[in-house]
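Structure file protein17.pdb with PDB, N, CA and C atoms, pLDDT in the B column:
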ATOM      1  N   MET R  28       3.734  11.312  -0.549  1.00 83.00           N
ATOM      2  CA  MET R  28       2.782  11.121   0.519  1.00 83.00           C
ATOM      3  C   MET R  28       1.778  12.267   0.480  1.00 83.00           C
ATOM      4  N   LEU R  29       0.522  11.920   0.564  1.00 87.00           N
ATOM      5  CA  LEU R  29      -0.529  12.929   0.531  1.00 87.00           C
ATOM      6  C   LEU R  29      -0.600  13.685   1.851  1.00 87.00           C
ATOM      7  N   LYS R  30      -0.998  14.945   1.749  1.00 88.00           N
ATOM      8  CA  LYS R  30      -1.242  15.741   2.945  1.00 88.00           C
ATOM      9  C   LYS R  30      -2.683  15.491   3.400  1.00 88.00           C
ATOM     10  N   ALA R  31      -2.981  15.805   4.637  1.00 85.00           N
ATOM     11  CA  ALA R  31      -4.301  15.522   5.201  1.00 85.00           C
ATOM     12  C   ALA R  31      -5.427  16.115   4.362  1.00 85.00           C
ATOM     13  N   ASN R  32      -5.230  17.323   3.832  1.00 89.00           N
ATOM     14  CA  ASN R  32      -6.288  17.959   3.046  1.00 89.00           C
ATOM     15  C   ASN R  32      -6.431  17.362   1.642  1.00 89.00           C
ATOM     16  N   GLN R  33      -5.539  16.454   1.277  1.00 91.00           N
ATOM     17  CA  GLN R  33      -5.596  15.795  -0.028  1.00 91.00           C
ATOM     18  C   GLN R  33      -6.199  14.395   0.049  1.00 91.00           C
ATOM     19  N   LEU R  34      -6.565  13.975   1.252  1.00 88.00           N
ATOM     20  CA  LEU R  34      -7.073  12.618   1.429  1.00 88.00           C
ATOM     21  C   LEU R  34      -8.521  12.515   0.943  1.00 88.00           C
ATOM     22  N   ASN R  35      -8.642  12.064  -0.264  1.00 93.00           N
ATOM     23  CA  ASN R  35      -9.951  11.712  -0.807  1.00 93.00           C
ATOM     24  C   ASN R  35      -9.760  10.424  -1.591  1.00 93.00           C
ATOM     25  N   ILE R  36     -10.831   9.770  -1.895  1.00 93.00           N
ATOM     26  CA  ILE R  36     -10.743   8.432  -2.471  1.00 93.00           C
ATOM     27  C   ILE R  36      -9.989   8.424  -3.801  1.00 93.00           C
ATOM     28  N   ASN R  37     -10.167   9.448  -4.622  1.00 94.00           N
ATOM     29  CA  ASN R  37      -9.472   9.493  -5.916  1.00 94.00           C
ATOM     30  C   ASN R  37      -7.959   9.652  -5.746  1.00 94.00           C
ATOM     31  N   ASN R  38      -7.545  10.552  -4.876  1.00 95.00           N
ATOM     32  CA  ASN R  38      -6.106  10.734  -4.632  1.00 95.00           C
ATOM     33  C   ASN R  38      -5.486   9.490  -4.005  1.00 95.00           C
ATOM     34  N   ILE R  39      -6.214   8.866  -3.101  1.00 96.00           N
ATOM     35  CA  ILE R  39      -5.705   7.653  -2.464  1.00 96.00           C
ATOM     36  C   ILE R  39      -5.547   6.548  -3.501  1.00 96.00           C
ATOM     37  N   ARG R  40      -6.507   6.389  -4.377  1.00 95.00           N
ATOM     38  CA  ARG R  40      -6.398   5.367  -5.427  1.00 95.00           C
ATOM     39  C   ARG R  40      -5.196   5.619  -6.324  1.00 95.00           C
ATOM     40  N   LYS R  41      -4.939   6.887  -6.660  1.00 96.00           N
ATOM     41  CA  LYS R  41      -3.770   7.220  -7.474  1.00 96.00           C
ATOM     42  C   LYS R  41      -2.476   6.844  -6.740  1.00 96.00           C
ATOM     43  N   GLU R  42      -2.403   7.167  -5.457  1.00 96.00           N
ATOM     44  CA  GLU R  42      -1.217   6.825  -4.667  1.00 96.00           C
ATOM     45  C   GLU R  42      -1.038   5.315  -4.568  1.00 96.00           C
ATOM     46  N   LEU R  43      -2.136   4.597  -4.364  1.00 96.00           N
ATOM     47  CA  LEU R  43      -2.050   3.138  -4.280  1.00 96.00           C
ATOM     48  C   LEU R  43      -1.576   2.537  -5.601  1.00 96.00           C
ATOM     49  N   GLU R  44      -1.960   3.131  -6.714  1.00 96.00           N
ATOM     50  CA  GLU R  44      -1.496   2.649  -8.017  1.00 96.00           C
ATOM     51  C   GLU R  44       0.018   2.850  -8.159  1.00 96.00           C
ATOM     52  N   ILE R  45       0.513   4.002  -7.737  1.00 97.00           N
ATOM     53  CA  ILE R  45       1.952   4.278  -7.785  1.00 97.00           C
ATOM     54  C   ILE R  45       2.699   3.306  -6.874  1.00 97.00           C
ATOM     55  N   ILE R  46       2.184   3.108  -5.669  1.00 97.00           N
ATOM     56  CA  ILE R  46       2.799   2.182  -4.721  1.00 97.00           C
ATOM     57  C   ILE R  46       2.831   0.775  -5.310  1.00 97.00           C
ATOM     58  N   SER R  47       1.724   0.364  -5.919  1.00 94.00           N
ATOM     59  CA  SER R  47       1.654  -0.975  -6.517  1.00 94.00           C
ATOM     60  C   SER R  47       2.692  -1.152  -7.613  1.00 94.00           C
ATOM     61  N   GLN R  48       2.853  -0.154  -8.468  1.00 96.00           N
ATOM     62  CA  GLN R  48       3.830  -0.245  -9.547  1.00 96.00           C
ATOM     63  C   GLN R  48       5.255  -0.336  -9.000  1.00 96.00           C
ATOM     64  N   ASP R  49       5.551   0.493  -7.994  1.00 96.00           N
ATOM     65  CA  ASP R  49       6.882   0.453  -7.374  1.00 96.00           C
ATOM     66  C   ASP R  49       7.131  -0.894  -6.703  1.00 96.00           C
ATOM     67  N   MET R  50       6.106  -1.403  -6.029  1.00 93.00           N
ATOM     68  CA  MET R  50       6.236  -2.694  -5.349  1.00 93.00           C
ATOM     69  C   MET R  50       6.425  -3.814  -6.369  1.00 93.00           C
ATOM     70  N   LEU R  51       5.676  -3.782  -7.462  1.00 93.00           N
ATOM     71  CA  LEU R  51       5.825  -4.803  -8.500  1.00 93.00           C
ATOM     72  C   LEU R  51       7.233  -4.807  -9.088  1.00 93.00           C
ATOM     73  N   ALA R  52       7.809  -3.625  -9.244  1.00 96.00           N
ATOM     74  CA  ALA R  52       9.175  -3.542  -9.765  1.00 96.00           C
ATOM     75  C   ALA R  52      10.151  -4.250  -8.825  1.00 96.00           C
ATOM     76  N   LEU R  53       9.991  -4.045  -7.525  1.00 95.00           N
ATOM     77  CA  LEU R  53      10.866  -4.715  -6.558  1.00 95.00           C
ATOM     78  C   LEU R  53      10.599  -6.218  -6.515  1.00 95.00           C
ATOM     79  N   ILE R  54       9.353  -6.608  -6.616  1.00 92.00           N
ATOM     80  CA  ILE R  54       8.999  -8.030  -6.615  1.00 92.00           C
ATOM     81  C   ILE R  54       9.642  -8.730  -7.801  1.00 92.00           C
ATOM     82  N   LYS R  55       9.586  -8.100  -8.963  1.00 94.00           N
ATOM     83  CA  LYS R  55      10.199  -8.692 -10.157  1.00 94.00           C
ATOM     84  C   LYS R  55      11.723  -8.693 -10.053  1.00 94.00           C
ATOM     85  N   LYS R  56      12.295  -7.587  -9.593  1.00 96.00           N
ATOM     86  CA  LYS R  56      13.749  -7.463  -9.498  1.00 96.00           C
ATOM     87  C   LYS R  56      14.353  -8.537  -8.616  1.00 96.00           C
ATOM     88  N   TYR R  57      13.682  -8.845  -7.501  1.00 96.00           N
ATOM     89  CA  TYR R  57      14.231  -9.801  -6.540  1.00 96.00           C
ATOM     90  C   TYR R  57      13.506 -11.144  -6.538  1.00 96.00           C
ATOM     91  N   ASP R  58      12.622 -11.337  -7.504  1.00 93.00           N
ATOM     92  CA  ASP R  58      11.899 -12.597  -7.645  1.00 93.00           C
ATOM     93  C   ASP R  58      11.247 -13.015  -6.324  1.00 93.00           C
ATOM     94  N   LEU R  59      10.468 -12.101  -5.784  1.00 92.00           N
ATOM     95  CA  LEU R  59       9.762 -12.376  -4.534  1.00 92.00           C
ATOM     96  C   LEU R  59       8.476 -13.133  -4.866  1.00 92.00           C
ATOM     97  N   THR R  60       8.436 -14.387  -4.503  1.00 88.00           N
ATOM     98  CA  THR R  60       7.330 -15.254  -4.906  1.00 88.00           C
ATOM     99  C   THR R  60       6.606 -15.860  -3.716  1.00 88.00           C
ATOM    100  N   ALA R  61       6.503 -15.132  -2.632  1.00 81.00           N
ATOM    101  CA  ALA R  61       5.819 -15.651  -1.444  1.00 81.00           C
ATOM    102  C   ALA R  61       4.360 -15.937  -1.788  1.00 81.00           C
ATOM    103  N   THR R  62       3.861 -17.032  -1.246  1.00 83.00           N
ATOM    104  CA  THR R  62       2.470 -17.405  -1.494  1.00 83.00           C
ATOM    105  C   THR R  62       1.547 -16.882  -0.403  1.00 83.00           C
ATOM    106  N   SER R  63       2.107 -16.349   0.646  1.00 85.00           N
ATOM    107  CA  SER R  63       1.331 -15.829   1.759  1.00 85.00           C
ATOM    108  C   SER R  63       1.861 -14.451   2.134  1.00 85.00           C
ATOM    109  N   GLN R  64       0.949 -13.555   2.487  1.00 78.00           N
ATOM    110  CA  GLN R  64       1.380 -12.231   2.926  1.00 78.00           C
ATOM    111  C   GLN R  64       2.274 -12.317   4.149  1.00 78.00           C
ATOM    112  N   LEU R  65       2.072 -13.339   4.953  1.00 81.00           N
ATOM    113  CA  LEU R  65       2.890 -13.496   6.150  1.00 81.00           C
ATOM    114  C   LEU R  65       4.338 -13.839   5.808  1.00 81.00           C
ATOM    115  N   ASP R  66       4.554 -14.413   4.633  1.00 88.00           N
ATOM    116  CA  ASP R  66       5.900 -14.802   4.211  1.00 88.00           C
ATOM    117  C   ASP R  66       6.642 -13.698   3.462  1.00 88.00           C
ATOM    118  N   VAL R  67       5.941 -12.667   3.052  1.00 85.00           N
ATOM    119  CA  VAL R  67       6.532 -11.650   2.186  1.00 85.00           C
ATOM    120  C   VAL R  67       7.702 -10.943   2.852  1.00 85.00           C
ATOM    121  N   ILE R  68       7.533 -10.500   4.077  1.00 85.00           N
ATOM    122  CA  ILE R  68       8.605  -9.752   4.756  1.00 85.00           C
ATOM    123  C   ILE R  68       9.829 -10.637   4.952  1.00 85.00           C
ATOM    124  N   GLU R  69       9.609 -11.870   5.379  1.00 89.00           N
ATOM    125  CA  GLU R  69      10.735 -12.791   5.570  1.00 89.00           C
ATOM    126  C   GLU R  69      11.463 -13.041   4.253  1.00 89.00           C
ATOM    127  N   MET R  70      10.707 -13.250   3.185  1.00 93.00           N
ATOM    128  CA  MET R  70      11.315 -13.488   1.880  1.00 93.00           C
ATOM    129  C   MET R  70      12.086 -12.249   1.419  1.00 93.00           C
ATOM    130  N   ALA R  71      11.493 -11.085   1.620  1.00 94.00           N
ATOM    131  CA  ALA R  71      12.173  -9.842   1.243  1.00 94.00           C
ATOM    132  C   ALA R  71      13.475  -9.692   2.016  1.00 94.00           C
ATOM    133  N   ARG R  72      13.435  -9.998   3.290  1.00 93.00           N
ATOM    134  CA  ARG R  72      14.640  -9.897   4.127  1.00 93.00           C
ATOM    135  C   ARG R  72      15.744 -10.809   3.599  1.00 93.00           C
ATOM    136  N   GLU R  73      15.359 -11.966   3.125  1.00 94.00           N
ATOM    137  CA  GLU R  73      16.340 -12.930   2.614  1.00 94.00           C
ATOM    138  C   GLU R  73      16.845 -12.584   1.217  1.00 94.00           C
ATOM    139  N   LYS R  74      15.963 -12.095   0.353  1.00 96.00           N
ATOM    140  CA  LYS R  74      16.331 -11.931  -1.055  1.00 96.00           C
ATOM    141  C   LYS R  74      16.799 -10.537  -1.449  1.00 96.00           C
ATOM    142  N   ILE R  75      16.302  -9.511  -0.796  1.00 97.00           N
ATOM    143  CA  ILE R  75      16.686  -8.150  -1.186  1.00 97.00           C
ATOM    144  C   ILE R  75      18.033  -7.830  -0.548  1.00 97.00           C
ATOM    145  N   ASN R  76      19.058  -7.755  -1.386  1.00 96.00           N
ATOM    146  CA  ASN R  76      20.411  -7.563  -0.875  1.00 96.00           C
ATOM    147  C   ASN R  76      20.872  -6.106  -0.892  1.00 96.00           C
ATOM    148  N   ASP R  77      20.080  -5.233  -1.451  1.00 97.00           N
ATOM    149  CA  ASP R  77      20.391  -3.801  -1.452  1.00 97.00           C
ATOM    150  C   ASP R  77      19.602  -3.151  -0.315  1.00 97.00           C
ATOM    151  N   LYS R  78      20.321  -2.581   0.638  1.00 96.00           N
ATOM    152  CA  LYS R  78      19.690  -1.983   1.818  1.00 96.00           C
ATOM    153  C   LYS R  78      18.639  -0.940   1.434  1.00 96.00           C
ATOM    154  N   ASN R  79      18.942  -0.100   0.443  1.00 98.00           N
ATOM    155  CA  ASN R  79      17.993   0.930   0.029  1.00 98.00           C
ATOM    156  C   ASN R  79      16.720   0.334  -0.560  1.00 98.00           C
ATOM    157  N   ASP R  80      16.858  -0.751  -1.329  1.00 98.00           N
ATOM    158  CA  ASP R  80      15.678  -1.420  -1.882  1.00 98.00           C
ATOM    159  C   ASP R  80      14.850  -2.052  -0.771  1.00 98.00           C
ATOM    160  N   TYR R  81      15.518  -2.617   0.231  1.00 97.00           N
ATOM    161  CA  TYR R  81      14.792  -3.238   1.338  1.00 97.00           C
ATOM    162  C   TYR R  81      14.015  -2.181   2.131  1.00 97.00           C
ATOM    163  N   ILE R  82      14.654  -1.064   2.386  1.00 96.00           N
ATOM    164  CA  ILE R  82      13.977   0.033   3.086  1.00 96.00           C
ATOM    165  C   ILE R  82      12.801   0.522   2.258  1.00 96.00           C
ATOM    166  N   ARG R  83      12.995   0.659   0.963  1.00 97.00           N
ATOM    167  CA  ARG R  83      11.900   1.104   0.088  1.00 97.00           C
ATOM    168  C   ARG R  83      10.762   0.088   0.089  1.00 97.00           C
ATOM    169  N   PHE R  84      11.100  -1.191   0.086  1.00 96.00           N
ATOM    170  CA  PHE R  84      10.087  -2.241   0.148  1.00 96.00           C
ATOM    171  C   PHE R  84       9.239  -2.086   1.412  1.00 96.00           C
ATOM    172  N   LEU R  85       9.903  -1.864   2.539  1.00 95.00           N
ATOM    173  CA  LEU R  85       9.178  -1.684   3.795  1.00 95.00           C
ATOM    174  C   LEU R  85       8.335  -0.416   3.780  1.00 95.00           C
ATOM    175  N   GLU R  86       8.883   0.658   3.217  1.00 96.00           N
ATOM    176  CA  GLU R  86       8.124   1.906   3.114  1.00 96.00           C
ATOM    177  C   GLU R  86       6.869   1.713   2.268  1.00 96.00           C
ATOM    178  N   LEU R  87       7.035   1.063   1.130  1.00 96.00           N
ATOM    179  CA  LEU R  87       5.885   0.828   0.252  1.00 96.00           C
ATOM    180  C   LEU R  87       4.830  -0.033   0.935  1.00 96.00           C
ATOM    181  N   SER R  88       5.288  -1.026   1.673  1.00 94.00           N
ATOM    182  CA  SER R  88       4.357  -1.881   2.404  1.00 94.00           C
ATOM    183  C   SER R  88       3.554  -1.066   3.415  1.00 94.00           C
ATOM    184  N   LEU R  89       4.238  -0.227   4.150  1.00 95.00           N
ATOM    185  CA  LEU R  89       3.581   0.587   5.162  1.00 95.00           C
ATOM    186  C   LEU R  89       2.652   1.622   4.526  1.00 95.00           C
ATOM    187  N   GLU R  90       3.133   2.307   3.492  1.00 96.00           N
ATOM    188  CA  GLU R  90       2.305   3.303   2.820  1.00 96.00           C
ATOM    189  C   GLU R  90       1.051   2.662   2.240  1.00 96.00           C
ATOM    190  N   GLY R  91       1.212   1.501   1.630  1.00 95.00           N
ATOM    191  CA  GLY R  91       0.063   0.812   1.059  1.00 95.00           C
ATOM    192  C   GLY R  91      -0.965   0.474   2.114  1.00 95.00           C
ATOM    193  N   ARG R  92      -0.498   0.018   3.243  1.00 94.00           N
ATOM    194  CA  ARG R  92      -1.422  -0.320   4.336  1.00 94.00           C
ATOM    195  C   ARG R  92      -2.138   0.930   4.853  1.00 94.00           C
ATOM    196  N   ILE R  93      -1.394   2.001   5.056  1.00 95.00           N
ATOM    197  CA  ILE R  93      -1.989   3.241   5.559  1.00 95.00           C
ATOM    198  C   ILE R  93      -3.038   3.763   4.584  1.00 95.00           C
ATOM    199  N   TYR R  94      -2.685   3.829   3.303  1.00 95.00           N
ATOM    200  CA  TYR R  94      -3.638   4.325   2.316  1.00 95.00           C
ATOM    201  C   TYR R  94      -4.839   3.387   2.170  1.00 95.00           C
ATOM    202  N   GLY R  95      -4.603   2.095   2.264  1.00 95.00           N
ATOM    203  CA  GLY R  95      -5.702   1.145   2.198  1.00 95.00           C
ATOM    204  C   GLY R  95      -6.681   1.351   3.340  1.00 95.00           C
ATOM    205  N   GLU R  96      -6.160   1.552   4.535  1.00 95.00           N
ATOM    206  CA  GLU R  96      -7.019   1.794   5.690  1.00 95.00           C
ATOM    207  C   GLU R  96      -7.732   3.133   5.582  1.00 95.00           C
ATOM    208  N   ALA R  97      -7.051   4.150   5.058  1.00 93.00           N
ATOM    209  CA  ALA R  97      -7.688   5.454   4.872  1.00 93.00           C
ATOM    210  C   ALA R  97      -8.828   5.355   3.862  1.00 93.00           C
ATOM    211  N   ALA R  98      -8.593   4.629   2.770  1.00 94.00           N
ATOM    212  CA  ALA R  98      -9.640   4.455   1.763  1.00 94.00           C
ATOM    213  C   ALA R  98     -10.841   3.725   2.353  1.00 94.00           C
ATOM    214  N   ALA R  99     -10.585   2.690   3.130  1.00 94.00           N
ATOM    215  CA  ALA R  99     -11.676   1.941   3.753  1.00 94.00           C
ATOM    216  C   ALA R  99     -12.466   2.831   4.708  1.00 94.00           C
ATOM    217  N   ALA R 100     -11.768   3.666   5.469  1.00 93.00           N
ATOM    218  CA  ALA R 100     -12.451   4.568   6.403  1.00 93.00           C
ATOM    219  C   ALA R 100     -13.298   5.587   5.663  1.00 93.00           C
ATOM    220  N   ILE R 101     -12.767   6.133   4.575  1.00 92.00           N
ATOM    221  CA  ILE R 101     -13.526   7.109   3.786  1.00 92.00           C
ATOM    222  C   ILE R 101     -14.752   6.456   3.174  1.00 92.00           C
ATOM    223  N   GLU R 102     -14.576   5.263   2.602  1.00 92.00           N
ATOM    224  CA  GLU R 102     -15.710   4.564   1.999  1.00 92.00           C
ATOM    225  C   GLU R 102     -16.742   4.186   3.052  1.00 92.00           C
ATOM    226  N   ASN R 103     -16.302   3.786   4.222  1.00 92.00           N
ATOM    227  CA  ASN R 103     -17.207   3.444   5.311  1.00 92.00           C
ATOM    228  C   ASN R 103     -17.996   4.668   5.765  1.00 92.00           C
ATOM    229  N   ALA R 104     -17.305   5.796   5.910  1.00 89.00           N
ATOM    230  CA  ALA R 104     -17.971   7.035   6.321  1.00 89.00           C
ATOM    231  C   ALA R 104     -18.991   7.458   5.262  1.00 89.00           C
ATOM    232  N   ALA R 105     -18.634   7.347   4.002  1.00 86.00           N
ATOM    233  CA  ALA R 105     -19.563   7.714   2.927  1.00 86.00           C
ATOM    234  C   ALA R 105     -20.784   6.797   2.929  1.00 86.00           C
ATOM    235  N   SER R 106     -20.552   5.515   3.157  1.00 86.00           N
ATOM    236  CA  SER R 106     -21.645   4.554   3.214  1.00 86.00           C
ATOM    237  C   SER R 106     -22.571   4.854   4.395  1.00 86.00           C
ATOM    238  N   ASN R 107     -21.988   5.158   5.552  1.00 85.00           N
ATOM    239  CA  ASN R 107     -22.783   5.492   6.735  1.00 85.00           C
ATOM    240  C   ASN R 107     -23.594   6.752   6.510  1.00 85.00           C
ATOM    241  N   ASN R 108     -23.000   7.756   5.857  1.00 80.00           N
ATOM    242  CA  ASN R 108     -23.714   8.985   5.572  1.00 80.00           C
ATOM    243  C   ASN R 108     -24.859   8.742   4.591  1.00 80.00           C
ATOM    244  N   ALA R 109     -24.621   7.893   3.601  1.00 76.00           N
ATOM    245  CA  ALA R 109     -25.669   7.574   2.636  1.00 76.00           C
ATOM    246  C   ALA R 109     -26.821   6.843   3.315  1.00 76.00           C
ATOM    247  N   ASN R 110     -26.506   5.943   4.235  1.00 76.00           N
ATOM    248  CA  ASN R 110     -27.542   5.215   4.964  1.00 76.00           C
ATOM    249  C   ASN R 110     -28.352   6.133   5.856  1.00 76.00           C
ATOM    250  N   LYS R 111     -27.722   7.143   6.410  1.00 76.00           N
ATOM    251  CA  LYS R 111     -28.442   8.097   7.285  1.00 76.00           C
ATOM    252  C   LYS R 111     -29.419   8.946   6.480  1.00 76.00           C
ATOM    253  N   LEU R 112     -29.110   9.178   5.214  1.00 70.00           N
ATOM    254  CA  LEU R 112     -29.985  10.004   4.371  1.00 70.00           C
ATOM    255  C   LEU R 112     -31.237   9.247   3.931  1.00 70.00           C
ATOM    256  N   HIS R 113     -31.187   7.911   3.985  1.00 62.00           N
ATOM    257  CA  HIS R 113     -32.335   7.115   3.524  1.00 62.00           C
ATOM    258  C   HIS R 113     -33.250   6.839   4.642  1.00 62.00           C
TER
END
When written as structure tokens, how does the structure in this file appear?
Amino acid sequence: MLKANQLNINNIRKELEIISQDMLALIKKYDLTATSQLDVIEMAREKINDKNDYIRFLELSLEGRIYGEAAAAIENAASNNANKLH
């Protein structure tokens, strides 16, 4: 997990790549084939039989969302600053 002073778009992208790889490993391991994001948690609950893997799945989901929102906020702030300069 990045510290507040490490939150920049490049570090966030690196973290999201790591999260994606870890998530893909769990998706393949448990054959999670949900067609909708709304179904993913329910499917994971049903198919992931190792408590530690299920907890990790939830952690990765949450971390991915947090980093995704942080990246969007940083990009939005940069865009707003660029617009103010023009």
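Candidate residues R:Leu112, R:Ala97, R:Ala105, R:Ile75 were compared for distance to Gln33 in chain R, and the nearest is R:Ala97, using only C-alpha atoms.
Put simply, CA of Met28 in chain R is 8.8 Å away from atom N of Glu42 in chain R.
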Legend entry - Contact residues around Asp58 in chain R with only N, CA and C atoms at 8 Å, ignoring same-chain residues under 3 positions, as a PyMOL selection string: chain R and resi 52-55+61+70+74-75
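Closest approach to Leu85 in chain R among R:Val67, R:Ala98, R:Ile45, R:Ala109 is made by R:Val67 (distances from only C-alpha atoms).
Put simply, CA of Asp77 in chain R is 22.8 Å away from CA of Ser63 in chain R.
Nearest residue to Ala31 in chain R, choosing from R:Tyr94, R:Thr62, R:Gln48, R:Arg72 and counting only C-alpha atoms: R:Tyr94.
Checking R:Ile101, R:Gly91, R:Glu96, R:Glu69 one by one against Lys41 in chain R, counting only C-alpha atoms, you find the shortest gap at R:Gly91.
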Inset, instruction - Please return as JSON, numbers by chain: the residues of chain R that backbone DSSP assigns to helix (DSSP H, G or I). - result: {"R": [31, 32, 33, 36, 37, 38, 39, 40, 41, 42, 43, 44, 45, 46, 47, 48, 49, 50, 51, 52, 53, 54, 55, 56, 57, 64, 65, 66, 67, 68, 69, 70, 71, 72, 73, 74, 78, 79, 80, 81, 82, 83, 84, 85, 86, 87, 88, 89, 90, 91, 92, 93, 94, 95, 96, 97, 98, 99, 100, 101, 102, 103, 104, 105, 106, 107, 108, 109, 110, 111, 112]}
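In this structure, CA of Arg83 in chain R sits 14.4 Å away from CA of Leu59 in chain R.
Restricting the calculation to all atoms listed in the file, the smallest distance between Ile46 in chain R and any of R:Leu87, R:Ala99, R:Ile93, R:Asp80 is found for R:Leu87.
Nearest residue to Ile68 in chain R, choosing from R:Asn38, R:Lys56, R:Lys111, R:Phe84 and counting only C-alpha atoms: R:Phe84.
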Quick test: take range 45-69 of chain R, keep C-alpha atoms, and write it as a compact mmCIF listing (two decimals), in the first residue's frame.
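The resulting file, decode38.txt, is shown below:
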# COMPACT_ATOMS: atom_id res chain seq x y z
CA ILE R 45 0.26 -5.59 -9.23
CA ILE R 46 -3.33 -5.74 -7.96
CA SER R 47 -4.54 -6.80 -11.41
CA GLN R 48 -2.00 -9.62 -11.62
CA ASP R 49 -2.89 -10.88 -8.13
CA MET R 50 -6.60 -10.67 -8.94
CA LEU R 51 -6.13 -12.53 -12.24
CA ALA R 52 -4.35 -15.32 -10.39
CA LEU R 53 -7.33 -15.73 -8.06
CA ILE R 54 -9.80 -15.51 -10.94
CA LYS R 55 -7.98 -18.30 -12.77
CA LYS R 56 -7.48 -20.42 -9.65
CA TYR R 57 -11.18 -20.40 -8.79
CA ASP R 58 -12.58 -20.06 -12.32
CA LEU R 59 -14.45 -16.87 -11.53
CA THR R 60 -16.38 -16.16 -14.71
CA ALA R 61 -18.95 -13.56 -13.67
CA THR R 62 -20.24 -11.53 -16.59
CA SER R 63 -21.18 -8.57 -14.42
CA GLN R 64 -19.23 -6.72 -11.76
CA LEU R 65 -22.29 -7.01 -9.57
CA ASP R 66 -22.01 -10.81 -9.70
CA VAL R 67 -18.30 -11.01 -8.90
CA ILE R 68 -18.55 -10.84 -5.10
CA GLU R 69 -21.38 -13.37 -4.98
